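Notes follow the structure.
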Amino acid sequence: MKTRAEAWTLLNEWTTSESLIRHALAVEAAMRLYARRSVQDEELWGNTGLLHDFDYERHPDPPDHPTVGMNELRRLGWPEEMIHAIGGHAQYLNIARESELDKTLFAVDELCGFIVAIAHTRPSRTLAEVDVPAVKKKLRQSGFARAVSREDIAQGIAELQIDLDEHIGNCIAALQSIAPALRL
């Protein structure tokens, strides 16, 4: 099994954008939280979150993202389970999300970005001021963080078969646990 250090190196070889690196860290934190709660392989789940968008800066357009990254991960010998989950997070590739890993990555990806966007609107610009009611309120505001797909968030929650409040709370807790790394 490849290590987090190897995933971190790969991410930084392909990604220079600070916001994309912070997004990768946010998704990694949420994936690790869910891995611990589901008694899954935390390293695999964390690395999947960390690398899910590693090719985005170089290849942002579908279907290059994440296909180019998936091919690079295969070439480097990363687990097929990870590669499948990364492919499944891109709706346009029509890769079925079958495993809990697949479903969890899809469910946390957009929501993590949305929670970070909310933190940036708070007076202190910190995650400490973000709570479940605030996220639910902002989800209803179509003008806020327009690029975040509310449909993907709802579909991810449905596929994961988790309560909305619980999922939002889990993602907030995961991000708050790494707030200094996110600079929030």
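Starting from 1 in every chain, residues are counted up; chains themselves are A, B, ... following the order of the structure tokens, and ligands are numbered from 1 as listed.
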
Excluding range 26-39 of chain A and residues on its chain fewer than 6 positions from it, collect all residues at most 7 Å away from it, counting only C-alpha atoms, and give them as a list in words. Trp45, Gly46, Asn47, Gly49, Leu50, Leu105, Val108, Asp109, Cys112, Cys171, Ala174 and Leu175 of chain A

For the residues in that selection, give me C-alpha atoms as a PDB file, in the first residue's frame.
ATOM      1  CA  TRP A  45      -9.633   6.451   2.087  1.00  0.00           C
ATOM      2  CA  GLY A  46      -7.486   9.453   3.028  1.00  0.00           C
ATOM      3  CA  ASN A  47      -5.238   9.054   0.007  1.00  0.00           C
ATOM      4  CA  GLY A  49      -9.555  12.091  -0.910  1.00  0.00           C
ATOM      5  CA  LEU A  50      -6.148  13.701  -1.174  1.00  0.00           C
ATOM      6  CA  LEU A 105     -15.883  10.357  -1.938  1.00  0.00           C
ATOM      7  CA  VAL A 108     -18.031  14.634   0.692  1.00  0.00           C
ATOM      8  CA  ASP A 109     -16.389  16.315  -2.316  1.00  0.00           C
ATOM      9  CA  CYS A 112     -16.436  20.133   1.703  1.00  0.00           C
ATOM     10  CA  CYS A 171     -17.941  17.104   7.298  1.00  0.00           C
ATOM     11  CA  ALA A 174     -13.577  16.829   9.834  1.00  0.00           C
ATOM     12  CA  LEU A 175     -12.721  20.257   8.438  1.00  0.00           C
TER      13      LEU A 175
END

Excluding Arg4 in chain A and any residue of its chain fewer than 2 positions from it, enumerate the residues within 7 Å of it, using only C-alpha atoms, and give them as a VMD selection string. chain A and resid 2 6 to 8 43 47

I'd like to know which residues of range 122-170 of chain A are helix (DSSP H, G or I) (by DSSP, run on the backbone); could you write them as a PyMOL selection string? chain A and resi 127-129+132-139+150-160+164-170

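Compared by their closest atoms to His120 in chain A, and using only C-alpha atoms, the residues A:Ala145, A:Pro60, A:Gly69, A:Glu81 rank with A:Ala145 nearest.
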
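Distance check against Leu25 in chain A using only C-alpha atoms: of A:Gly113, A:Leu73, A:Met1, A:Glu129, the minimum falls on A:Gly113.
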
Taking a cut-off of 12 Å and counting only C-alpha atoms, can you build a table that, for each residue of range 51-104 of chain A near range 148-152 of chain A, reports the nearest atom pair and how far apart they are in Å (one decimal), sorted by chain then residue number, as CSV?
residue,atom,partner,partner_atom,distance
A:His89,CA,A:Asp152,CA,9.6
A:Ala90,CA,A:Asp152,CA,10.1
A:Gln91,CA,A:Asp152,CA,8.7
A:Tyr92,CA,A:Asp152,CA,11.9
A:Lys103,CA,A:Asp152,CA,11.3

Could you dump the residues just selected with C-alpha atoms as a JSON list (two decimals), in the first residue's frame?
[["chain", "number", "residue", "atom", "x", "y", "z"],
["A", 89, "HIS", "CA", -16.75, 11.21, -8.45],
["A", 90, "ALA", "CA", -17.03, 12.60, -11.99],
["A", 91, "GLN", "CA", -20.68, 12.16, -12.97],
["A", 92, "TYR", "CA", -19.94, 12.57, -16.69],
["A", 103, "LYS", "CA", -20.09, 6.73, -2.44]]

Of the residues A:Ala119, A:Ala134, A:Leu160, A:Leu127, which is the one nearest to Glu98 in chain A, using only C-alpha atoms? A:Leu160

Between A:Ala158, A:Val68, A:Ala85, A:Val135, single out the one closest to Arg122 in chain A, counting only C-alpha atoms. A:Val135
